[in-house]
Amino acid sequence: MDLKDKIILTTGGSAGIGLATAIMLREKGAQVIITARNQEKLDKAAAEHDLIAIQGDVSREEDVQRIYAEIRQRFNRLDALINNAGYGYFDLLENMDREKFEAVFATNVTGAMLMAREALPFFKSRQYGNIVNISSTAGLKGFARGGAYSATKFALKAMTECWRAELRPYNIRVMLINPSEVQTDFVVNSGREAREYNPTKLQAEDIAHAVCAALEMNDRGFITELTVFAVNPQG
Ligand SMILES: NC(=O)c1ccc[n+]([C@@H]2O[C@H](COP(=O)([O-])OP(=O)(O)OC[C@H]3O[C@@H](n4cnc5c(N)ncnc54)[C@H](OP(=O)(O)O)[C@@H]3O)[C@@H](O)[C@H]2O)c1
């Protein structure tokens with residue numbers, strides 16, 4: 001897909017990987033809509049980088065419907081959805097809090113499903129579309145304290161495979177990107193201590209590059225899944 005003038009929606013677009021992706025897509029000529037819960041942060045990001053802000057929580061069905069109603073009214077078109085909004089909840093099984101467990105599923109899994117479901121009428125009517133799900137290497141391999149987060153990303157991978165099987169006949173490409181550790185506020189937002197910046201570890205721009213590359217590939221083909229690691233991380 002040539003990104004120029006395409007209408008692309010990036011969830012969790014006010015920070016980290018989502019914002020870096022939105023900026024790169026915009027630089028390549030796309031019109032980029034970003035969503036996130038915190039209106040102030042979202043508006044600031046949009047104003048600074050020439051993006052379009054529509055506030056919303058992906059886990060709330062009424063927000064998802066409002067976001068798409070606004071897109072329909074303003075553009076009546078959508079070329080790609082980047083399902084990026086997500087966060088981590090890490091703890092041992094013995095400490096697992098049911099409310100927190102269900103909340104992380106509500107955003108990382110149900111939110112991605114709602115966003116993709118409501119994008120379908122746009123895509124099916126034109127027999128064309130792209131869905132990029134931002135999963136994680138935590139969605140490929142489990143680890144201690146990952147019983148909630150890792151499970152959400154395994155679920156996202158499973159949904160990706162199912163949607164892909166359903167949607168290929170409509171020329172809708174469903175792609176999965178699995179970043180390993182990326183230096184964003186993800187760690188702090190998951191209730192863990194901030195880590196010092198490390199130039200050998202991945203940055204949000206690296207994942208933005210992977211998203212753009214997957215989208216830019218000629219529409220006759222698609223990369224089903226892309227896993228991104230730092231080459232030689234130190235520390
Ligand atoms: N950083 C990593 O090491 C890493 C590695 C692999 C995969 N990932 C995945 O990459 C994605 C982005 O992570 P990040 O590192 O960029 O995290 P981040 O810096 O914490 O950014 C998360 C973004 O998502 C938004 N968001 C969170 N919950 C939301 C909800 N319910 N509805 C709408 N927006 C929501 C946040 O804004 P608001 O808080 O204002 O809503 C923010 O814009 C996540 O899916 C994460 O699991 C991250």
# chains A, B, ... in the order shown; residues from 1 in each chain; ligands from 1

$ residues_near_ligand --ligand "ligand 1" --cutoff "7 Å" --atoms "only C-alpha atoms and all ligand atoms" --output "mmCIF file with N, CA and C atoms, in the first residue's frame"
data_model
loop_
_atom_site.group_PDB
_atom_site.id
_atom_site.type_symbol
_atom_site.label_atom_id
_atom_site.label_comp_id
_atom_site.auth_asym_id
_atom_site.auth_seq_id
_atom_site.Cartn_x
_atom_site.Cartn_y
_atom_site.Cartn_z
ATOM 1 N N THR A 11 -4.613 3.000 17.543
ATOM 2 C CA THR A 11 -5.077 3.072 18.932
ATOM 3 C C THR A 11 -3.862 3.192 19.854
ATOM 4 N N GLY A 12 -4.076 3.806 21.006
ATOM 5 C CA GLY A 12 -2.946 4.048 21.900
ATOM 6 C C GLY A 12 -1.916 4.925 21.215
ATOM 7 N N GLY A 13 -2.407 5.923 20.499
ATOM 8 C CA GLY A 13 -1.527 6.741 19.657
ATOM 9 C C GLY A 13 -0.966 7.972 20.330
ATOM 10 N N SER A 14 -1.170 8.122 21.639
ATOM 11 C CA SER A 14 -0.684 9.344 22.298
ATOM 12 C C SER A 14 0.717 9.190 22.876
ATOM 13 N N ALA A 15 1.272 7.978 22.843
ATOM 14 C CA ALA A 15 2.580 7.746 23.469
ATOM 15 C C ALA A 15 3.239 6.511 22.871
ATOM 16 N N GLY A 16 4.499 6.346 23.177
ATOM 17 C CA GLY A 16 5.225 5.108 22.885
ATOM 18 C C GLY A 16 5.165 4.638 21.443
ATOM 19 N N ILE A 17 4.931 3.354 21.282
ATOM 20 C CA ILE A 17 4.941 2.725 19.950
ATOM 21 C C ILE A 17 3.850 3.310 19.051
ATOM 22 N N GLY A 18 2.664 3.530 19.625
ATOM 23 C CA GLY A 18 1.543 4.052 18.829
ATOM 24 C C GLY A 18 1.837 5.435 18.285
ATOM 25 N N THR A 35 -6.099 7.475 18.895
ATOM 26 C CA THR A 35 -7.040 7.407 20.022
ATOM 27 C C THR A 35 -6.270 7.043 21.281
ATOM 28 N N ALA A 36 -6.757 7.474 22.413
ATOM 29 C CA ALA A 36 -6.244 7.092 23.736
ATOM 30 C C ALA A 36 -7.250 7.617 24.749
ATOM 31 N N ARG A 37 -7.089 7.239 26.020
ATOM 32 C CA ARG A 37 -8.063 7.642 27.034
ATOM 33 C C ARG A 37 -7.846 9.069 27.516
ATOM 34 N N ASN A 38 -6.599 9.449 27.755
ATOM 35 C CA ASN A 38 -6.294 10.761 28.322
ATOM 36 C C ASN A 38 -6.359 11.843 27.238
ATOM 37 N N GLN A 39 -7.418 12.658 27.307
ATOM 38 C CA GLN A 39 -7.685 13.647 26.256
ATOM 39 C C GLN A 39 -6.546 14.663 26.107
ATOM 40 N N LYS A 41 -3.312 14.532 26.876
ATOM 41 C CA LYS A 41 -2.090 13.971 26.283
ATOM 42 C C LYS A 41 -2.299 13.706 24.787
ATOM 43 N N LEU A 42 -3.500 13.250 24.479
ATOM 44 C CA LEU A 42 -3.842 12.924 23.089
ATOM 45 C C LEU A 42 -3.853 14.191 22.230
ATOM 46 N N GLY A 56 -10.883 8.083 23.276
ATOM 47 C CA GLY A 56 -11.708 6.896 23.516
ATOM 48 C C GLY A 56 -10.931 5.795 24.197
ATOM 49 N N ASP A 57 -11.694 4.974 24.927
ATOM 50 C CA ASP A 57 -11.134 3.804 25.607
ATOM 51 C C ASP A 57 -11.550 2.583 24.787
ATOM 52 N N VAL A 58 -10.581 1.830 24.274
ATOM 53 C CA VAL A 58 -10.927 0.720 23.373
ATOM 54 C C VAL A 58 -11.721 -0.386 24.064
ATOM 55 N N SER A 59 -11.672 -0.419 25.393
ATOM 56 C CA SER A 59 -12.414 -1.467 26.102
ATOM 57 C C SER A 59 -13.880 -1.102 26.305
ATOM 58 N N ASN A 84 -3.006 -1.111 18.648
ATOM 59 C CA ASN A 84 -1.785 -0.985 19.463
ATOM 60 C C ASN A 84 -2.057 -0.752 20.948
ATOM 61 N N ALA A 85 -3.217 -0.184 21.288
ATOM 62 C CA ALA A 85 -3.484 0.148 22.695
ATOM 63 C C ALA A 85 -3.325 -1.095 23.567
ATOM 64 N N GLY A 86 -2.589 -0.939 24.648
ATOM 65 C CA GLY A 86 -2.398 -2.083 25.531
ATOM 66 C C GLY A 86 -1.489 -1.720 26.682
ATOM 67 N N TYR A 87 -1.520 -2.551 27.696
ATOM 68 C CA TYR A 87 -0.625 -2.334 28.841
ATOM 69 C C TYR A 87 -0.356 -3.669 29.523
ATOM 70 N N GLY A 88 0.538 -3.638 30.496
ATOM 71 C CA GLY A 88 0.929 -4.875 31.153
ATOM 72 C C GLY A 88 0.436 -4.960 32.589
ATOM 73 N N THR A 107 -8.798 -4.490 27.774
ATOM 74 C CA THR A 107 -8.111 -3.592 26.839
ATOM 75 C C THR A 107 -7.373 -4.371 25.753
ATOM 76 N N ASN A 108 -6.497 -5.283 26.153
ATOM 77 C CA ASN A 108 -5.580 -5.910 25.186
ATOM 78 C C ASN A 108 -6.278 -6.891 24.247
ATOM 79 N N GLY A 111 -10.711 -5.081 23.614
ATOM 80 C CA GLY A 111 -10.552 -3.787 22.937
ATOM 81 C C GLY A 111 -10.110 -3.973 21.489
ATOM 82 N N ILE A 134 -0.624 -5.219 17.328
ATOM 83 C CA ILE A 134 0.658 -5.149 18.029
ATOM 84 C C ILE A 134 0.602 -6.097 19.217
ATOM 85 N N SER A 135 1.236 -7.220 19.055
ATOM 86 C CA SER A 135 1.299 -8.194 20.143
ATOM 87 C C SER A 135 2.627 -8.024 20.855
ATOM 88 N N SER A 136 3.362 -9.102 21.070
ATOM 89 C CA SER A 136 4.603 -9.037 21.853
ATOM 90 C C SER A 136 5.290 -10.391 21.770
ATOM 91 N N THR A 137 6.582 -10.411 22.066
ATOM 92 C CA THR A 137 7.243 -11.720 22.195
ATOM 93 C C THR A 137 6.657 -12.463 23.395
ATOM 94 N N ASN A 178 5.291 -8.601 16.716
ATOM 95 C CA ASN A 178 5.700 -9.014 18.062
ATOM 96 C C ASN A 178 6.985 -8.293 18.460
ATOM 97 N N PRO A 179 6.871 -7.144 19.132
ATOM 98 C CA PRO A 179 8.103 -6.509 19.604
ATOM 99 C C PRO A 179 8.589 -7.218 20.863
ATOM 100 N N SER A 180 9.910 -7.290 21.032
ATOM 101 C CA SER A 180 10.429 -7.669 22.352
ATOM 102 C C SER A 180 10.502 -6.361 23.142
ATOM 103 N N GLU A 181 11.337 -6.272 24.136
ATOM 104 C CA GLU A 181 11.330 -5.069 24.992
ATOM 105 C C GLU A 181 11.589 -3.790 24.184
ATOM 106 N N VAL A 182 10.711 -2.803 24.371
ATOM 107 C CA VAL A 182 10.853 -1.508 23.705
ATOM 108 C C VAL A 182 10.861 -0.428 24.788
ATOM 109 N N GLN A 183 11.749 0.540 24.659
ATOM 110 C CA GLN A 183 11.888 1.547 25.714
ATOM 111 C C GLN A 183 10.823 2.643 25.580
ATOM 112 N N THR A 184 9.717 2.414 26.283
ATOM 113 C CA THR A 184 8.625 3.387 26.336
ATOM 114 C C THR A 184 8.212 3.491 27.810
ATOM 115 N N ASP A 185 7.062 4.130 28.050
ATOM 116 C CA ASP A 185 6.559 4.197 29.437
ATOM 117 C C ASP A 185 5.829 2.919 29.846
ATOM 118 N N PHE A 186 5.864 1.917 28.979
ATOM 119 C CA PHE A 186 5.159 0.647 29.238
ATOM 120 C C PHE A 186 5.516 0.077 30.613
ATOM 121 N N VAL A 187 6.808 0.078 30.940
ATOM 122 C CA VAL A 187 7.275 -0.518 32.199
ATOM 123 C C VAL A 187 6.640 0.221 33.382
ATOM 124 N N ASN A 189 4.024 2.219 33.310
ATOM 125 C CA ASN A 189 2.565 2.086 33.265
ATOM 126 C C ASN A 189 2.090 0.696 33.707
ATOM 127 N N ALA A 204 10.771 2.914 20.252
ATOM 128 C CA ALA A 204 9.444 2.892 19.614
ATOM 129 C C ALA A 204 9.548 3.041 18.091
#

$ residues_around --residues "stretch 162-167 of chain A" --least-positions-apart "4" --cutoff "10 Å" --atoms "only C-alpha atoms" --output "number ranges by chain"
A: 113, 116-117, 120, 123-124, 127-131, 156-158, 171-175, 224

$ write_last_selection --atoms "C-alpha atoms" --output "CSV table (one decimal), in the first residue's frame"
chain,number,residue,atom,x,y,z
A,113,MET,CA,-11.6,-7.2,18.9
A,116,ALA,CA,-11.4,-4.6,14.5
A,117,ARG,CA,-15.0,-5.6,14.4
A,120,LEU,CA,-15.0,-4.2,9.1
A,123,PHE,CA,-13.1,-2.6,4.8
A,124,LYS,CA,-15.7,-5.0,3.5
A,127,GLN,CA,-13.1,-5.1,-0.4
A,128,TYR,CA,-9.9,-3.7,0.9
A,129,GLY,CA,-8.3,-3.1,4.3
A,130,ASN,CA,-5.4,-3.7,6.7
A,131,ILE,CA,-5.3,-4.7,10.4
A,156,LEU,CA,-4.3,-11.5,20.3
A,157,LYS,CA,-2.2,-13.9,18.2
A,158,ALA,CA,-5.0,-16.4,18.1
A,171,ASN,CA,-8.6,-8.5,0.4
A,172,ILE,CA,-8.1,-7.6,4.1
A,173,ARG,CA,-4.6,-8.2,5.3
A,174,VAL,CA,-4.4,-9.1,9.0
A,175,MET,CA,-0.8,-8.8,10.3
A,224,THR,CA,1.6,-12.5,8.3

$ residues_around --residues "A:Arg77" --least-positions-apart "5" --cutoff "9 Å" --atoms "only C-alpha atoms" --output "NGL selection string"
:A and (6-7 or 71-72 or 122-123 or 126)

$ atom_distance --atom1 "atom CA of A:Val109" --atom2 "atom CA of A:Glu62"
16.4 Å

$ select_by_dssp --residues "stretch 71-141 of chain A" --states "alpha helix (DSSP H)" --output "PyMOL selection string"
chain A and resi 71-74+98-105+112-126

$ select_by_dssp --residues "stretch 12-231 of chain A" --states "strand (DSSP E)" --output "list in words"
Gln31, Val32, Ile33, Ile34, Thr35, Ile52, Ala53, Ala80, Leu81, Ile82, Asn83, Gly129, Asn130, Ile131, Val132, Asn133, Ile134, Ile172, Arg173, Val174, Met175, Leu176, Ile177, Asn178, Pro179, Glu225, Leu226, Thr227 and Val228 of chain A

$ atom_distance --atom1 "atom CA of A:Ala208" --atom2 "atom CA of A:Ala22"
7.8 Å

$ closest_residue --among "A:Gly139, A:Gly29, A:Gly191, A:Pro233" --to "A:Leu176" --atoms "only C-alpha atoms"
A:Gly139
